[in-house]
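Trainee: For reference, the structure I am asking about is given below.
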Amino acid sequence: MIKANDPTRKSWVEVPADSDFPIQNLPFGVFRTKSNPTPRLCTAIGENVVDLAMLNYLDLLDELELDNEVFSNRYLNDLMALGKPVARRLRDRLAELLDERNDEAKDLAWHFLHPMDKVELLLPVHVGDYTDFYSSLEHATNVGSMFRPDNPLLPNWKHLPVGYHGRASSIVASGTPIVRPNGQTLPQGSEQPVFGPTKLMDFELEMAFVVGKPNPLGKPIPIENAEEHIFGLMLFNDWSARDIQSWEYVPLGPFLAKNFASTASPWVVMLDALEPFRTAGPSQDPTPLPYLKTTGEHSFDLHLEVEIRAENGASAVVSRSNFKYMYWNMAQQLAHHTVNGCNMNIGDLCGSGTISGPTPDSYGSMLELTWRGSKPLQLSDGSERKFINDGDTVTLRGWGEKDGIRIGFGEAAGKVLPAII
């Protein structure tokens, strides 16, 4: 068993019962404070962040023999580059230091422990490249049936994980405002496009995995080794402008409808911490080609939800889904991504694609939830939403829970601002 996952551990740091961050989680992030604006690495425990650079300065991480530059860093990339075994030893050591049975660090807590609501959490990974997949059978079927009722799934869909290359520069941390994008659209009944703000602003409920181990150009990652290259997971909202998308996506796929912004949670939860939630994925028929065939459990039972909150405070949880619904799992996505020899680099991000479940309340986008606006949703004050309005904040949450232990990701939230015209 992974030491840090010990379900009997308790921390001397107070952890509320519904916290995403018990001692069994210990995700990695990057933060700064007003008094010290220099970014540095951290972990989360309860409602606090732990300054890893300060822990190392206090000689509490000496046994790891890591340079302080690894912790006094803007991004996690250098830590990930040291390899999963090093990150695993670091996580185990953090669990040891924060354990209620260990007083080694307790009296020094005022040096390294900060209330989470008093710090700024930054995008934790320098993302060099970003790929978004399209791997939910329910989502692909729903969207396909809207536009191709007689042929919802294209012939290749059940043979390979469909994906496209997205825009890494516009991936932002939770809490970053999102400006409504402008673009070309083709109004219904028109023969000529018009230019202006999107009228069909949407979210996409996704998870994303972070590549922590590279592969050389020309050398594919075998599916049996794929998870060795995946450092951890984040929540991910791939914002979408549906009217821009429907006009531009033929013949080469999404462009301006997708590249204006994607929101990521500030914490990378190691795959190690998610081991208790492994589960079998959906049955795959036809059987995947050998390079995509997996054995064992490669899906994860992670609860997901999306909340919309208006500026006046009215809100509603509009979707409750689960990561386990994904037809193509992460190992298959990464094996397919590299089977042609594509080289992945440390920090590369791969989005799962919209995660939709089998029931209408588990769909992962407004496009599906309102069925292209024909079935509006209601917020708590009775106001309706067909798509996302200016002033709305969309918040994604996700967690696994088993045997009284909840491992979560925090939030991926963004408020939509009016377009700049």
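Each chain in the structure tokens gets a letter, A, B, ..., in the order shown, and its residues are numbered from 1; ligands are numbered from 1 in order too.
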Just the residues within 10 Å of range 140-149 of chain A, please, counting only C-alpha atoms, with nothing from its chain fewer than 6 positions along; format it as a list in words.

Mentor: Tyr134, Trp157, Ser246, Gly353, Thr354, Ile355, Ser356, Tyr363, Leu367, Glu368, Leu369, Trp371 and Arg372 of chain A

Trainee: Which one of A:Val416, A:Val30, A:Met116, A:Ile346 sits closest to Ala81 in chain A if you count only C-alpha atoms?

Mentor: A:Ile346

Trainee: Which one of A:Ala87, A:Cys42, A:Ala273, A:Leu58 sits closest to Arg406 in chain A if you count only C-alpha atoms?

Mentor: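 Result for the nearest residue to Arg406 in chain A: A:Ala273.
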
Trainee: Could you find all residues in range 296-335 of chain A that DSSP calls helix (DSSP H, G or I) from the backbone, and write them as a list of chain:residue names?

Mentor: A:Phe323, A:Lys324, A:Tyr325, A:Met330, A:Ala331, A:Gln332, A:Gln333, A:Leu334, A:Ala335

Trainee: Next, write the just-selected residues to a file, as a PDB file, in the first residue's frame, keeping C-alpha atoms as the atom set.

Mentor:
ATOM      1  CA  PHE A 323     -15.452  10.299 -14.564  1.00  0.00           C
ATOM      2  CA  LYS A 324     -16.067   6.542 -14.772  1.00  0.00           C
ATOM      3  CA  TYR A 325     -18.493   7.096 -17.660  1.00  0.00           C
ATOM      4  CA  MET A 330      -6.566   7.920 -20.045  1.00  0.00           C
ATOM      5  CA  ALA A 331      -4.166   5.077 -20.823  1.00  0.00           C
ATOM      6  CA  GLN A 332      -5.876   4.555 -24.175  1.00  0.00           C
ATOM      7  CA  GLN A 333      -5.840   8.269 -24.913  1.00  0.00           C
ATOM      8  CA  LEU A 334      -2.112   8.570 -24.231  1.00  0.00           C
ATOM      9  CA  ALA A 335      -1.221   5.382 -26.129  1.00  0.00           C
TER      10      ALA A 335
END

Trainee: Find, counting only C-alpha atoms, the residue in A:Pro181, A:Asp62, A:Ile420, A:Arg167 that gets nearest to Pro254 in chain A.

Mentor: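 The answer is A:Arg167, which sits nearest to Pro254 in chain A.
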
Trainee: Please return, as number ranges by chain, all residues of range 208-392 of chain A that DSSP assigns to strand (DSSP E) on the basis of the backbone.

Mentor: A: 208-211, 230-237, 240-241, 262-264, 269-270, 278-279, 299-300, 303-309, 315-322, 349-351, 377-378, 384-385

Trainee: Excluding Arg88 in chain A and any residue of its chain fewer than 3 positions from it, enumerate the residues within 10 Å of it, using only C-alpha atoms, and give them as a PyMOL selection string.

Mentor: chain A and resi 2-4+83-85+91-94+270+272-273

Trainee: Can those selected residues be exported to a file as an mmCIF file, in the first residue's frame so that it contains C-alpha atoms?

Mentor:
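Heads up, here's the output in result.cif:
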data_model
loop_
_atom_site.group_PDB
_atom_site.id
_atom_site.type_symbol
_atom_site.label_atom_id
_atom_site.label_comp_id
_atom_site.auth_asym_id
_atom_site.auth_seq_id
_atom_site.Cartn_x
_atom_site.Cartn_y
_atom_site.Cartn_z
ATOM 1 C CA ILE A 2 1.120 3.562 -0.701
ATOM 2 C CA LYS A 3 2.099 4.980 2.711
ATOM 3 C CA ALA A 4 0.405 8.351 2.256
ATOM 4 C CA GLY A 83 10.046 11.233 -11.579
ATOM 5 C CA LYS A 84 7.095 9.691 -9.827
ATOM 6 C CA PRO A 85 9.217 7.810 -7.247
ATOM 7 C CA ARG A 91 4.075 12.884 -0.536
ATOM 8 C CA ASP A 92 4.875 10.127 1.977
ATOM 9 C CA ARG A 93 7.124 12.500 3.921
ATOM 10 C CA LEU A 94 4.425 15.176 3.980
ATOM 11 C CA MET A 270 -1.448 12.452 -7.967
ATOM 12 C CA ASP A 272 -1.379 7.575 -6.368
ATOM 13 C CA ALA A 273 -4.016 9.335 -4.256
#

Trainee: Rank A:Asn56, A:Thr185, A:Asn225, A:Asn48 by their smallest atom-to-atom distance to Trp110 in chain A, using only C-alpha atoms, and report the top residue only.

Mentor: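 The answer is A:Asn48, which sits nearest to Trp110 in chain A.
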
Trainee: Go through A:Thr43, A:Asn343, A:Thr393, A:Gln245 one by one, measure the shortest atom-to-atom distance of each to Val317 in chain A using only C-alpha atoms, and give the residue with the smallest value.

Mentor: A:Thr393

Trainee: So, counting only C-alpha atoms, which residue among A:Pro276, A:Pro418, A:Gly351, A:Pro27 is closest to Lys402 in chain A?

Mentor: A:Pro276

Trainee: Can you tell me how far CA of Glu227 in chain A sits from CA of Arg278 in chain A, in Å to one decimal?

Mentor: 12.6 Å

Trainee: When you draw a straight line from CA of Thr294 in chain A to CA of Phe277 in chain A, how long is it in Å?

Mentor: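 Separating CA of Thr294 in chain A from CA of Phe277 in chain A is a distance of 17.5 Å.
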